[in-house]
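File shown: work.pdb. Contents: PDB, C-alpha atoms.
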ATOM      1  CA  MET A   4     116.314 -64.547  79.543
ATOM      2  CA  SER A   5     115.311 -61.145  78.238
ATOM      3  CA  SER A   6     111.605 -61.833  77.661
ATOM      4  CA  ALA A   7     108.869 -64.138  78.928
ATOM      5  CA  SER A   8     105.139 -64.650  78.478
ATOM      6  CA  ALA A   9     102.694 -65.784  81.129
ATOM      7  CA  PHE A  10      99.001 -66.623  81.277
ATOM      8  CA  ALA A  11      96.734 -65.777  84.218
ATOM      9  CA  PRO A  12      93.285 -67.383  84.461
ATOM     10  CA  ALA A  13      90.032 -65.589  85.106
ATOM     11  CA  SER A  14      88.550 -65.789  88.588
ATOM     12  CA  ILE A  15      85.398 -65.727  90.680
ATOM     13  CA  GLY A  16      85.702 -63.135  93.413
ATOM     14  CA  ASN A  17      83.849 -63.429  96.742
ATOM     15  CA  VAL A  18      82.489 -66.941  95.974
ATOM     16  CA  ALA A  19      79.242 -65.696  97.550
ATOM     17  CA  VAL A  20      80.262 -65.984 101.200
ATOM     18  CA  GLY A  21      83.745 -64.428 101.325
ATOM     19  CA  PHE A  22      83.448 -60.806 100.219
ATOM     20  CA  ASP A  23      86.907 -59.556  99.185
ATOM     21  CA  ILE A  24      88.665 -62.536 100.834
ATOM     22  CA  LEU A  25      87.618 -65.722  98.981
ATOM     23  CA  GLY A  26      88.178 -66.454  95.303
ATOM     24  CA  GLN A  27      88.434 -69.248  92.775
ATOM     25  CA  SER A  28      90.339 -69.512  89.492
ATOM     26  CA  ILE A  29      88.592 -70.409  86.215
ATOM     27  CA  GLU A  30      90.000 -72.854  83.674
ATOM     28  CA  GLY A  31      90.196 -71.959  79.985
ATOM     29  CA  ILE A  32      89.905 -68.170  79.903
ATOM     30  CA  GLY A  33      92.375 -65.510  80.925
ATOM     31  CA  ASP A  34      94.921 -62.838  79.972
ATOM     32  CA  ARG A  35      98.414 -63.163  78.548
ATOM     33  CA  ALA A  36     101.293 -60.794  79.238
ATOM     34  CA  THR A  37     104.623 -60.676  77.421
ATOM     35  CA  VAL A  38     107.305 -58.862  79.420
ATOM     36  CA  ARG A  39     110.752 -57.816  78.231
ATOM     37  CA  ARG A  40     113.617 -56.576  80.333
ATOM     38  CA  ILE A  41     114.847 -53.204  79.090
ATOM     39  CA  ASP A  42     117.787 -50.958  79.964
ATOM     40  CA  GLU A  43     115.657 -47.908  80.792
ATOM     41  CA  PRO A  44     114.759 -47.671  84.513
ATOM     42  CA  LEU A  45     111.019 -47.571  83.913
ATOM     43  CA  VAL A  46     107.929 -49.607  83.040
ATOM     44  CA  ARG A  47     106.114 -49.007  79.784
ATOM     45  CA  ILE A  48     103.097 -50.513  78.021
ATOM     46  CA  ASP A  49     103.955 -51.273  74.382
ATOM     47  CA  ALA A  50     100.719 -52.897  73.181
ATOM     48  CA  ILE A  51      97.252 -53.968  74.286
ATOM     49  CA  ARG A  52      95.401 -56.472  72.118
ATOM     50  CA  GLY A  53      92.446 -58.827  72.388
ATOM     51  CA  CYS A  54      88.878 -58.322  73.576
ATOM     52  CA  VAL A  55      89.759 -55.077  75.406
ATOM     53  CA  ARG A  56      92.039 -52.448  73.875
ATOM     54  CA  ASP A  57      91.035 -49.071  75.257
ATOM     55  CA  LEU A  58      92.994 -49.427  78.499
ATOM     56  CA  PRO A  59      95.453 -46.859  79.862
ATOM     57  CA  THR A  60      98.926 -47.191  78.356
ATOM     58  CA  GLU A  61     100.467 -45.018  81.054
ATOM     59  CA  ALA A  62     102.059 -47.566  83.363
ATOM     60  CA  SER A  63     100.919 -45.964  86.609
ATOM     61  CA  LEU A  64      97.285 -46.128  85.472
ATOM     62  CA  ASN A  65      97.426 -49.692  84.151
ATOM     63  CA  THR A  66      97.094 -52.659  86.520
ATOM     64  CA  ALA A  67      99.975 -54.563  84.928
ATOM     65  CA  GLY A  68     102.132 -51.464  84.706
ATOM     66  CA  ARG A  69     101.551 -50.454  88.301
ATOM     67  CA  ALA A  70     102.271 -53.972  89.567
ATOM     68  CA  LEU A  71     105.647 -54.024  87.832
ATOM     69  CA  MET A  72     106.412 -50.512  89.044
ATOM     70  CA  ALA A  73     105.839 -51.727  92.591
ATOM     71  CA  LEU A  74     108.075 -54.740  91.939
ATOM     72  CA  ARG A  75     110.890 -52.508  90.609
ATOM     73  CA  GLU A  76     110.593 -50.125  93.536
ATOM     74  CA  ALA A  77     110.640 -52.887  96.160
ATOM     75  CA  LEU A  78     113.628 -54.702  94.634
ATOM     76  CA  GLN A  79     115.423 -51.486  93.622
ATOM     77  CA  LEU A  80     115.980 -52.792  90.107
ATOM     78  CA  ARG A  81     118.185 -50.775  87.778
ATOM     79  CA  SER A  82     116.600 -52.197  84.633
ATOM     80  CA  GLY A  83     112.975 -51.790  83.610
ATOM     81  CA  PHE A  84     110.214 -53.689  81.818
ATOM     82  CA  SER A  85     108.125 -53.343  78.694
ATOM     83  CA  ILE A  86     104.727 -55.065  78.613
ATOM     84  CA  GLU A  87     102.437 -56.347  75.875
ATOM     85  CA  LEU A  88      98.974 -57.494  76.962
ATOM     86  CA  ASP A  89      96.636 -59.877  75.164
ATOM     87  CA  LYS A  90      93.268 -59.565  76.869
ATOM     88  CA  GLY A  91      91.003 -62.586  76.983
ATOM     89  CA  ILE A  92      88.717 -61.393  79.792
ATOM     90  CA  ALA A  93      86.215 -58.605  79.251
ATOM     91  CA  LEU A  94      86.391 -55.780  81.765
ATOM     92  CA  GLY A  95      83.332 -55.296  83.937
ATOM     93  CA  SER A  96      82.502 -59.003  83.584
ATOM     94  CA  GLY A  97      82.961 -60.073  87.197
ATOM     95  CA  MET A  98      85.733 -62.510  86.236
ATOM     96  CA  GLY A  99      88.843 -60.646  87.370
ATOM     97  CA  GLY A 100      89.717 -58.966  84.091
ATOM     98  CA  SER A 101      91.839 -56.266  85.692
ATOM     99  CA  ALA A 102      93.586 -58.625  88.116
ATOM    100  CA  ALA A 103      94.568 -61.136  85.435
ATOM    101  CA  SER A 104      96.673 -58.618  83.542
ATOM    102  CA  CYS A 105      98.750 -57.643  86.565
ATOM    103  CA  VAL A 106      99.211 -61.254  87.704
ATOM    104  CA  ALA A 107     100.284 -62.419  84.236
ATOM    105  CA  ALA A 108     102.752 -59.526  84.018
ATOM    106  CA  LEU A 109     104.186 -60.312  87.453
ATOM    107  CA  ILE A 110     104.631 -64.020  86.709
ATOM    108  CA  ALA A 111     106.413 -63.192  83.449
ATOM    109  CA  ALA A 112     108.603 -60.468  84.992
ATOM    110  CA  ASN A 113     109.520 -62.695  87.940
ATOM    111  CA  THR A 114     110.992 -65.196  85.501
ATOM    112  CA  LEU A 115     113.362 -62.478  84.244
ATOM    113  CA  LEU A 116     114.757 -61.628  87.679
ATOM    114  CA  ASP A 117     118.254 -62.798  88.586
ATOM    115  CA  ARG A 118     116.706 -64.229  91.744
ATOM    116  CA  PRO A 119     113.022 -64.990  91.111
ATOM    117  CA  LEU A 120     110.704 -64.587  94.092
ATOM    118  CA  ALA A 121     108.370 -67.203  95.530
ATOM    119  CA  VAL A 122     104.872 -66.877  94.070
ATOM    120  CA  GLU A 123     103.443 -65.800  97.427
ATOM    121  CA  ALA A 124     105.960 -62.937  97.529
ATOM    122  CA  LEU A 125     104.337 -61.454  94.412
ATOM    123  CA  TYR A 126     101.066 -60.976  96.272
ATOM    124  CA  PRO A 127     101.686 -57.404  97.556
ATOM    125  CA  PHE A 128     102.613 -56.235  94.058
ATOM    126  CA  ALA A 129      99.488 -57.836  92.606
ATOM    127  CA  LEU A 130      97.396 -55.996  95.204
ATOM    128  CA  GLU A 131      99.060 -52.753  94.168
ATOM    129  CA  GLY A 132      98.069 -53.367  90.564
ATOM    130  CA  GLU A 133      94.523 -54.456  91.396
ATOM    131  CA  ALA A 134      93.954 -51.261  93.377
ATOM    132  CA  VAL A 135      94.435 -49.176  90.228
ATOM    133  CA  SER A 136      91.249 -50.596  88.754
ATOM    134  CA  SER A 137      89.017 -51.402  91.719
ATOM    135  CA  GLY A 138      90.090 -48.634  94.078
ATOM    136  CA  SER A 139      90.864 -51.063  96.912
ATOM    137  CA  ARG A 140      93.459 -53.682  97.832
ATOM    138  CA  HIS A 141      91.566 -56.977  97.997
ATOM    139  CA  GLY A 142      93.011 -60.374  97.155
ATOM    140  CA  ASP A 143      90.003 -62.468  96.200
ATOM    141  CA  ASN A 144      90.925 -62.257  92.494
ATOM    142  CA  VAL A 145      94.723 -62.098  92.444
ATOM    143  CA  GLY A 146      95.028 -64.774  95.167
ATOM    144  CA  PRO A 147      93.480 -67.673  93.228
ATOM    145  CA  MET A 148      95.245 -66.549  90.065
ATOM    146  CA  LEU A 149      98.606 -66.801  91.832
ATOM    147  CA  LEU A 150      98.013 -70.109  93.664
ATOM    148  CA  GLY A 151      95.222 -71.735  91.653
ATOM    149  CA  GLY A 152      91.970 -73.226  92.926
ATOM    150  CA  LEU A 153      89.990 -71.853  95.861
ATOM    151  CA  VAL A 154      92.015 -69.364  97.901
ATOM    152  CA  LEU A 155      91.439 -67.456 101.118
ATOM    153  CA  ALA A 156      93.162 -64.054 101.065
ATOM    154  CA  ALA A 157      93.153 -62.539 104.535
ATOM    155  CA  ARG A 158      95.483 -60.491 106.765
ATOM    156  CA  GLY A 159      98.180 -60.366 104.102
ATOM    157  CA  ARG A 160      98.217 -64.137 103.606
ATOM    158  CA  LEU A 161      97.127 -66.493 100.856
ATOM    159  CA  LEU A 162      95.818 -69.927 101.810
ATOM    160  CA  ARG A 163      94.709 -72.475  99.236
ATOM    161  CA  ILE A 164      91.596 -74.344 100.378
ATOM    162  CA  GLN A 165      91.481 -78.038  99.522
ATOM    163  CA  VAL A 166      88.399 -79.000  97.510
ATOM    164  CA  PRO A 167      87.340 -82.433  96.169
ATOM    165  CA  GLY A 168      88.632 -82.880  92.630
ATOM    166  CA  ALA A 169      85.208 -83.885  91.302
ATOM    167  CA  TRP A 170      83.566 -80.552  92.191
ATOM    168  CA  HIS A 171      82.956 -78.294  89.200
ATOM    169  CA  CYS A 172      81.640 -74.836  88.566
ATOM    170  CA  VAL A 173      79.697 -73.027  85.852
ATOM    171  CA  VAL A 174      80.306 -69.344  85.192
ATOM    172  CA  VAL A 175      77.858 -67.632  82.838
ATOM    173  CA  HIS A 176      78.851 -64.234  81.472
ATOM    174  CA  PRO A 177      76.065 -62.162  79.901
ATOM    175  CA  ASP A 178      76.822 -59.589  77.211
ATOM    176  CA  ALA A 179      76.639 -56.733  79.681
ATOM    177  CA  VAL A 180      79.096 -54.609  81.643
ATOM    178  CA  LEU A 181      78.945 -53.821  85.350
ATOM    179  CA  GLU A 182      81.825 -51.680  86.585
ATOM    180  CA  THR A 183      83.313 -52.739  89.902
ATOM    181  CA  ARG A 184      83.222 -49.221  91.322
ATOM    182  CA  ARG A 185      79.495 -48.927  90.586
ATOM    183  CA  ALA A 186      78.816 -52.361  92.083
ATOM    184  CA  ARG A 187      80.620 -51.321  95.268
ATOM    185  CA  GLU A 188      78.620 -48.107  95.586
ATOM    186  CA  VAL A 189      75.431 -50.031  96.422
ATOM    187  CA  LEU A 190      77.158 -51.584  99.440
ATOM    188  CA  GLN A 191      77.716 -48.337 101.335
ATOM    189  CA  ALA A 192      74.636 -48.373 103.593
ATOM    190  CA  PRO A 193      75.046 -49.994 107.051
ATOM    191  CA  TYR A 194      74.325 -53.693 107.560
ATOM    192  CA  PRO A 195      72.443 -55.165 110.535
ATOM    193  CA  LEU A 196      74.662 -57.155 112.889
ATOM    194  CA  ALA A 197      72.465 -60.228 112.412
ATOM    195  CA  GLU A 198      73.355 -60.329 108.711
ATOM    196  CA  PHE A 199      77.071 -60.297 109.513
ATOM    197  CA  VAL A 200      76.574 -63.198 111.896
ATOM    198  CA  GLU A 201      74.638 -65.181 109.306
ATOM    199  CA  GLN A 202      77.235 -64.516 106.593
ATOM    200  CA  SER A 203      80.018 -65.598 108.954
ATOM    201  CA  ALA A 204      78.170 -68.836 109.610
ATOM    202  CA  CYS A 205      77.788 -69.405 105.864
ATOM    203  CA  LEU A 206      81.510 -68.866 105.261
ATOM    204  CA  ALA A 207      82.361 -71.276 108.071
ATOM    205  CA  LEU A 208      80.062 -73.947 106.634
ATOM    206  CA  VAL A 209      81.540 -73.627 103.145
ATOM    207  CA  LEU A 210      85.142 -73.781 104.337
ATOM    208  CA  SER A 211      84.362 -76.738 106.603
ATOM    209  CA  GLY A 212      82.535 -78.494 103.760
ATOM    210  CA  CYS A 213      85.514 -78.040 101.445
ATOM    211  CA  HIS A 214      87.961 -79.297 104.071
ATOM    212  CA  ARG A 215      85.840 -82.364 104.853
ATOM    213  CA  GLY A 216      84.695 -82.947 101.282
ATOM    214  CA  GLU A 217      81.067 -82.803 102.445
ATOM    215  CA  ALA A 218      78.783 -81.280  99.841
ATOM    216  CA  GLY A 219      75.958 -81.076 102.364
ATOM    217  CA  LEU A 220      77.813 -78.489 104.417
ATOM    218  CA  VAL A 221      78.512 -76.417 101.300
ATOM    219  CA  ARG A 222      74.836 -76.613 100.300
ATOM    220  CA  ALA A 223      73.893 -75.293 103.728
ATOM    221  CA  GLY A 224      76.307 -72.373 103.513
ATOM    222  CA  LEU A 225      76.820 -71.272  99.904
ATOM    223  CA  ALA A 226      74.408 -68.331 100.078
ATOM    224  CA  ASP A 227      75.259 -64.624 100.122
ATOM    225  CA  VAL A 228      73.025 -62.714 102.541
ATOM    226  CA  LEU A 229      75.113 -59.516 102.552
ATOM    227  CA  VAL A 230      76.122 -58.470  99.048
ATOM    228  CA  GLU A 231      73.870 -60.369  96.649
ATOM    229  CA  PRO A 232      70.587 -58.723  97.754
ATOM    230  CA  ARG A 233      72.018 -55.265  96.986
ATOM    231  CA  ARG A 234      73.721 -56.136  93.711
ATOM    232  CA  ALA A 235      71.093 -58.444  92.211
ATOM    233  CA  PRO A 236      68.944 -55.525  90.924
ATOM    234  CA  LEU A 237      71.925 -54.398  88.814
ATOM    235  CA  ILE A 238      71.917 -57.695  86.861
ATOM    236  CA  LYS A 239      69.061 -58.376  84.441
ATOM    237  CA  GLY A 240      67.659 -61.874  84.864
ATOM    238  CA  PHE A 241      69.845 -62.715  87.851
ATOM    239  CA  HIS A 242      67.221 -64.464  89.971
ATOM    240  CA  ALA A 243      66.080 -66.623  87.042
ATOM    241  CA  VAL A 244      69.660 -67.610  86.218
ATOM    242  CA  LYS A 245      70.349 -68.507  89.826
ATOM    243  CA  GLN A 246      67.139 -70.523  90.062
ATOM    244  CA  ALA A 247      68.037 -72.424  86.875
ATOM    245  CA  ALA A 248      71.272 -73.522  88.553
ATOM    246  CA  LEU A 249      69.501 -74.550  91.754
ATOM    247  CA  ASP A 250      66.889 -76.455  89.719
ATOM    248  CA  HIS A 251      69.800 -78.510  88.347
ATOM    249  CA  ASP A 252      70.961 -79.435  91.850
ATOM    250  CA  ALA A 253      73.656 -76.808  92.300
ATOM    251  CA  MET A 254      75.245 -76.692  95.742
ATOM    252  CA  GLY A 255      74.748 -72.939  95.531
ATOM    253  CA  ALA A 256      74.810 -70.047  93.064
ATOM    254  CA  SER A 257      75.495 -66.339  93.253
ATOM    255  CA  ILE A 258      77.173 -63.359  91.590
ATOM    256  CA  SER A 259      80.721 -63.806  90.321
ATOM    257  CA  GLY A 260      82.806 -60.956  91.685
ATOM    258  CA  ALA A 261      81.036 -57.651  91.174
ATOM    259  CA  GLY A 262      78.894 -59.164  88.393
ATOM    260  CA  PRO A 263      77.178 -59.404  86.009
ATOM    261  CA  SER A 264      78.476 -62.974  85.610
ATOM    262  CA  VAL A 265      76.779 -65.679  87.678
ATOM    263  CA  PHE A 266      78.450 -68.828  89.011
ATOM    264  CA  ALA A 267      77.207 -72.102  90.478
ATOM    265  CA  TRP A 268      78.960 -75.041  92.161
ATOM    266  CA  PHE A 269      78.161 -78.696  91.413
ATOM    267  CA  GLU A 270      79.320 -82.016  92.808
ATOM    268  CA  ASP A 271      80.601 -83.207  89.415
ATOM    269  CA  ARG A 272      81.247 -82.056  85.865
ATOM    270  CA  LEU A 273      78.104 -83.703  84.467
ATOM    271  CA  GLY A 274      75.929 -81.588  86.750
ATOM    272  CA  ALA A 275      77.695 -78.428  85.646
ATOM    273  CA  GLU A 276      77.365 -79.314  81.976
ATOM    274  CA  ALA A 277      73.639 -79.992  82.382
ATOM    275  CA  ALA A 278      72.992 -76.674  84.128
ATOM    276  CA  ALA A 279      74.938 -74.391  81.790
ATOM    277  CA  PRO A 280      72.363 -74.325  78.926
ATOM    278  CA  ALA A 281      69.523 -73.618  81.363
ATOM    279  CA  MET A 282      71.432 -70.733  82.917
ATOM    280  CA  ARG A 283      72.179 -69.253  79.494
ATOM    281  CA  ALA A 284      68.531 -69.646  78.517
ATOM    282  CA  ALA A 285      67.471 -67.679  81.591
ATOM    283  CA  PHE A 286      69.709 -64.799  80.554
ATOM    284  CA  GLU A 287      68.307 -65.019  77.038
ATOM    285  CA  ARG A 288      64.757 -64.647  78.364
ATOM    286  CA  ALA A 289      65.968 -61.456  80.034
ATOM    287  CA  GLY A 290      67.180 -60.188  76.667
ATOM    288  CA  LEU A 291      70.902 -60.982  77.127
ATOM    289  CA  ALA A 292      73.084 -63.305  75.114
ATOM    290  CA  SER A 293      75.684 -65.078  77.256
ATOM    291  CA  GLN A 294      78.629 -67.448  77.259
ATOM    292  CA  SER A 295      79.308 -70.180  79.797
ATOM    293  CA  HIS A 296      82.556 -71.600  81.132
ATOM    294  CA  ILE A 297      82.859 -74.898  82.977
ATOM    295  CA  THR A 298      85.820 -75.328  85.291
ATOM    296  CA  PRO A 299      86.979 -77.503  88.161
ATOM    297  CA  VAL A 300      86.696 -75.656  91.448
ATOM    298  CA  ASN A 301      90.380 -76.606  91.717
ATOM    299  CA  GLY A 302      91.219 -74.371  88.780
ATOM    300  CA  PRO A 303      94.691 -73.558  87.420
ATOM    301  CA  ALA A 304      97.240 -71.017  88.625
ATOM    302  CA  ALA A 305      98.987 -68.445  86.472
ATOM    303  CA  SER A 306     102.033 -69.865  84.700
ATOM    304  CA  VAL A 307     104.805 -69.062  82.259
ATOM    305  CA  ILE A 308     103.912 -70.184  78.740
ATOM    306  CA  ALA A 309     106.925 -69.047  76.688
TER     307      ALA A 309
END
Please rewrite the model in this file as structure tokens.
Amino acid sequence: MSSASAFAPASIGNVAVGFDILGQSIEGIGDRATVRRIDEPLVRIDAIRGCVRDLPTEASLNTAGRALMALREALQLRSGFSIELDKGIALGSGMGGSAASCVAALIAANTLLDRPLAVEALYPFALEGEAVSSGSRHGDNVGPMLLGGLVLAARGRLLRIQVPGAWHCVVVHPDAVLETRRAREVLQAPYPLAEFVEQSACLALVLSGCHRGEAGLVRAGLADVLVEPRRAPLIKGFHAVKQAALDHDAMGASISGAGPSVFAWFEDRLGAEAAAPAMRAAFERAGLASQSHITPVNGPAASVIA
């Protein structure tokens, strides 16, 4: 094969309780990358289309380009790659828009290798690409895109967390942009030790609830006491949107990634479908149009499509 296309889904970073280490993939929305093997020993960006076009075309400054540069360097490849990106995720949306491009490019390029790598082996290269955009190497977006579903990314490992198939999620994206770097700036001040302890307890409850399939444990733990209080003021209407989800019996709701999107977990698809209009209406009262996406918590992984 000389060319391949792959699709990487959007994602929810942090999932409230796992800052930079816990993420979930989103069904139905994502980025596509078409990669061709070329004779030149380099990586180049040939085209960027879709909902975002004003991205860097210099490979070292582009998440997809940098990821494939890292892949070439590690494997000492003599050939290179050209990349075309079709963006389906808005940047600054809190749904992994930068990570999806590099993961889709890696999945496509891996198909073109004489000896394709295991998906988990692509993780370090995805982190390299993600760092171009966010300024840090965290796996809560690229991890679930690579493996699908709910994924714990910690200490260089990816671990898919088993979740009941009936559990669904709503992600509501307002027509607003919140850059990841700005959203991280508000987290610089020190945190009291007691808040770290409480957040650790919440993470433990959520992971235990997923493993046991007990929604009650997730309800007790799916609350962000560290990051949400500092980022919420950056998102118009956030508290009303979150309350709309809780009023519809959500197991929990919080900021998706760095925001401004908001997500909520439900015990079944019907609950998610009932809550979505109310969450959009809350954003509308704050003066923001929005779009909602409903997905199983066990969302899809990135895959080759052509």
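A straight line drawn from atom CA of Ala19 of chain A to atom CA of Ile258 of chain A is 6.7 Å long.
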Go through segment 121-174 of chain A residue by residue and, counting all atoms listed in the file, keep those with an atom at most 10 Å from segment 72-94 of chain A; for each kept residue give the shortest atom pair and its distance in Å to one decimal, ordered by chain and increasing number, as JSON lines.
{"residue": "A:Leu125", "atom": "CA", "partner": "A:Leu74", "partner_atom": "CA", "distance": 8.1}
{"residue": "A:Pro127", "atom": "CA", "partner": "A:Ala73", "partner_atom": "CA", "distance": 8.6}
{"residue": "A:Phe128", "atom": "CA", "partner": "A:Ala73", "partner_atom": "CA", "distance": 5.7}
{"residue": "A:Ala129", "atom": "CA", "partner": "A:Ala73", "partner_atom": "CA", "distance": 8.8}
{"residue": "A:Leu130", "atom": "CA", "partner": "A:Ala73", "partner_atom": "CA", "distance": 9.8}
{"residue": "A:Glu131", "atom": "CA", "partner": "A:Ala73", "partner_atom": "CA", "distance": 7.0}
{"residue": "A:Gly132", "atom": "CA", "partner": "A:Ala73", "partner_atom": "CA", "distance": 8.2}
{"residue": "A:Ser136", "atom": "CA", "partner": "A:Leu94", "partner_atom": "CA", "distance": 10.0}
request  = Give me the residues within 8 Å of segment 104-111 of chain A as an MDAnalysis selection string, counting all atoms listed in the file and dropping any in the same chain fewer than 5 places off.
outcome  = chainID A and resid 6:11 34:38 66:71 86 88 90 122 125 128:129 132:133 145 148:149 305:307
Reference answer for the PyMOL selection byres ((chain A and resi 205) around 8), as a compact mmCIF listing (two decimals) with C-alpha atoms, keeping the file's coordinate frame:
# COMPACT_ATOMS: atom_id res chain seq x y z
CA VAL A 20 80.26 -65.98 101.20
CA GLU A 201 74.64 -65.18 109.31
CA GLN A 202 77.24 -64.52 106.59
CA SER A 203 80.02 -65.60 108.95
CA ALA A 204 78.17 -68.84 109.61
CA LEU A 206 81.51 -68.87 105.26
CA ALA A 207 82.36 -71.28 108.07
CA LEU A 208 80.06 -73.95 106.63
CA VAL A 209 81.54 -73.63 103.14
CA ALA A 223 73.89 -75.29 103.73
CA GLY A 224 76.31 -72.37 103.51
CA LEU A 225 76.82 -71.27 99.90
CA ALA A 226 74.41 -68.33 100.08
CA ASP A 227 75.26 -64.62 100.12
query = Looking at all atoms listed in the file, which of A:Ala281, A:Ala304, A:Leu196, A:Ala253 is the one that sits closest to Gly33 of chain A?
reply = A:Ala304
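Nearest to Ile164 of chain A of all the residues A:Met4, A:Gly212, A:Arg185, A:His141 is A:Gly212, counting all atoms listed in the file.
As for atom CA of Glu217 of chain A and atom CA of Asp143 of chain A, they are spaced 23.1 Å apart.
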What do you get, as a PDB file with C-alpha atoms, in the frame of the given file, if you spell out every residue that the PyMOL selection byres ((chain A and resi 181) around 8) selects here?
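The new file selection_24.pdb reads:
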ATOM      1  CA  GLY A  95      83.332 -55.296  83.937  1.00  0.00           C
ATOM      2  CA  SER A  96      82.502 -59.003  83.584  1.00  0.00           C
ATOM      3  CA  GLY A  97      82.961 -60.073  87.197  1.00  0.00           C
ATOM      4  CA  ALA A 179      76.639 -56.733  79.681  1.00  0.00           C
ATOM      5  CA  VAL A 180      79.096 -54.609  81.643  1.00  0.00           C
ATOM      6  CA  GLU A 182      81.825 -51.680  86.585  1.00  0.00           C
ATOM      7  CA  THR A 183      83.313 -52.739  89.902  1.00  0.00           C
ATOM      8  CA  ARG A 185      79.495 -48.927  90.586  1.00  0.00           C
ATOM      9  CA  ALA A 186      78.816 -52.361  92.083  1.00  0.00           C
ATOM     10  CA  LEU A 237      71.925 -54.398  88.814  1.00  0.00           C
ATOM     11  CA  ALA A 261      81.036 -57.651  91.174  1.00  0.00           C
ATOM     12  CA  GLY A 262      78.894 -59.164  88.393  1.00  0.00           C
ATOM     13  CA  PRO A 263      77.178 -59.404  86.009  1.00  0.00           C
TER      14      PRO A 263
END
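Of the listed residues A:Ala103, A:Cys172, A:Ile308, A:Ala248, the one whose atoms come nearest to Asp271 of chain A is A:Cys172, with distances taken using all atoms listed in the file.
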task = On this file, the PyMOL selection byres ((chain A and resi 157) around 10) gives some set of residues; write that set as number ranges by chain.
result = A: 23-25, 141-143, 146, 154-156, 158-162
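Proximity to Leu249 of chain A at 12 Å, evaluated using all atoms listed in the file and with sequence-adjacent residues fewer than 6 positions away removed, yields Val173, Arg222, Leu225, Ala226, His242, Ala243, Gly255, Ala256, Ser257, Phe266, Ala267, Trp268, Phe269, Gly274, Ala275, Ala277, Ala278, Ala279, Ala281 and Met282 of chain A.
If all atoms listed in the file are the atoms counted, then among A:Gly138, A:Gly290, A:Gly219, A:Gly152 the closest residue to Ile15 of chain A is A:Gly152.
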ask   = Contacts of Gln191 of chain A at 12 Å or less, counting all atoms listed in the file, minus same-chain residues fewer than 5 places along, as a ChimeraX atom specification?
value = /A:184-186,229-230,233-234
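The residue that comes closest to Asp42 of chain A, out of A:Ser5, A:Pro195, A:Asn65, A:Gly21 and on the basis of only C-alpha atoms, is A:Ser5.
Nearest to Arg39 of chain A of all the residues A:Met254, A:Ala285, A:Val300, A:Ala309 is A:Ala309, counting all atoms listed in the file.
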